[in-house]
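The next block holds one structure in the form of structure tokens; read it before the comments.
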Amino acid sequence: MSGTVLKVRTLEQVAAAVAEHRASGRTVALANGVFDLLHVGHVRYLEGAKSLADVLVVAVNSDASTRGYKGPSRPIIPESERAELVAALACTDLVLVFGEPDVRNIIRTLRPDVHVKGTDYRPEDIPERDEVSAYGGRVAVAGDPKDHSTTALAERLRGG
């Protein structure tokens with residue numbers, strides 16, 4: 001198995017790895033998304049998230065949760081491949097696939113020092129903000145302006 005594939009783990013495995021990192025004094029950031037048709041906006045978001053902590057955990061929406069969120073024609077790329085692509089990025093330390101509508105359960109389990117969303121959010125509008133604040137964590141926004149989108153890219157590829 002390659003190092004990339006070894007970065008993709010279950011929530012329980014990620015929690016154990018996070019505990020080891022914390023025991024060594026490292027801080028942890030959590031980012032999440034669909035990451036369908038990986039593009040430069042995704043890379044800039046994840047690199048920005050990584051700059052906020054020592055360890056970056058990325059939660060990738062499952063195929064089922066993506067369909068519920070984005071519609072029946074998505075995702076284009078299967079969850080296992082999307083997770084592997086995200087894991088291949090140098091800034092990413094650990095990756096997990098999740099099926100819930102949001103990352104509240106992951107936040108409760110991992111208690112990241114910082115939960116990071118992309119620039120389509122403002123810190124005060126991050127849906128999981130209350131969950132993070134409850135234990136003293138913080139939320140942040142990272143990446144470049146929302147000039148890139150998988151939906152727009154998919155439309156261009158379809159000739160739209």
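By convention here, the chains of the structure tokens are called A, B, ... in the order presented, each chain's residues are numbered starting at 1, and ligands are numbered starting at 1 in the order presented.
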Checklist line | DSSP helix (DSSP H, G or I) selection over segment 8-146 of chain A, as a PyMOL selection string | finding: chain A and resi 11-23+40-50+63-70+79-87+104-110+123-125+129-133
Next item on the list: List the neighbours of Thr109 of chain A out to 10 Å using only C-alpha atoms; skip same-chain residues closer than 2 positions along the sequence, and give me the result as a PyMOL selection string.
Entry: chain A and resi 11-12+14-15+103-107+111-112
Same residues, C-alpha atoms, saved as a short mmCIF file (atom, residue, chain, number, x, y, z; two decimals), in the first residue's frame:
data_model
loop_
_atom_site.label_atom_id
_atom_site.label_comp_id
_atom_site.auth_asym_id
_atom_site.auth_seq_id
_atom_site.Cartn_x
_atom_site.Cartn_y
_atom_site.Cartn_z
CA LEU A 11 -13.01 7.86 12.21
CA GLU A 12 -11.81 5.60 15.03
CA VAL A 14 -8.16 9.02 12.86
CA ALA A 15 -9.17 9.65 16.49
CA VAL A 103 -19.28 17.07 10.53
CA ARG A 104 -20.67 17.59 14.05
CA ASN A 105 -20.05 13.96 15.05
CA ILE A 106 -16.48 14.17 13.74
CA ILE A 107 -15.96 17.41 15.66
CA ARG A 111 -12.22 18.01 19.05
CA PRO A 112 -9.98 19.80 16.52
#
Notebook entry, point to check: Quick one: distance from atom CA of Pro127 of chain A to atom CA of Gly68 of chain A in Å, one decimal?
Noted result: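 A separation of 17.1 Å between them.
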Checklist line | Exercise: segment 24-33 of chain A partners within 7 Å, only C-alpha atoms, chain neighbours under 5 positions left out, as a list of chain:residue names | finding: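 The residues satisfying every condition are A:Ala49, A:Lys50, A:Leu52, A:Ala53, A:Asp54, A:Val55, A:Leu56, A:Val57, A:Val58, A:Ala59, A:Val60, A:Asn61, A:Pro112, A:Asp113, A:Val114, A:His115, A:Val116, A:Lys117.
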Check: How would you write, as a PyMOL selection string, the set of residues in segment 66-113 of chain A that DSSP gives as strand (DSSP E or B)?
Finding: chain A and resi 94-98
Item checked: Between atom CA of Glu20 of chain A and atom CA of Val95 of chain A - distance in Å to one decimal ->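 A separation of 15.8 Å between them.
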Next item on the list: Name the closest residue to Ser73 of chain A among the candidates A:Val8, A:Thr92, A:Asp36, A:Leu85; distances are taken between atoms, counting only C-alpha atoms.
Entry: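 Ranked by minimum distance to Ser73 of chain A, first place goes to A:Asp36.
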Next item on the list: Using only C-alpha atoms, pick whichever of A:Pro101, A:Gly159, A:Gly137, A:Pro75 has the shortest atom-to-atom distance to Leu38 of chain A.
Entry: A:Pro75
Check: From the list A:Val34, A:Leu96, A:Thr4, A:Ala88, which residue is nearest Leu110 of chain A when using only C-alpha atoms?
Finding: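 Closest residue, counting only C-alpha atoms: A:Leu96.
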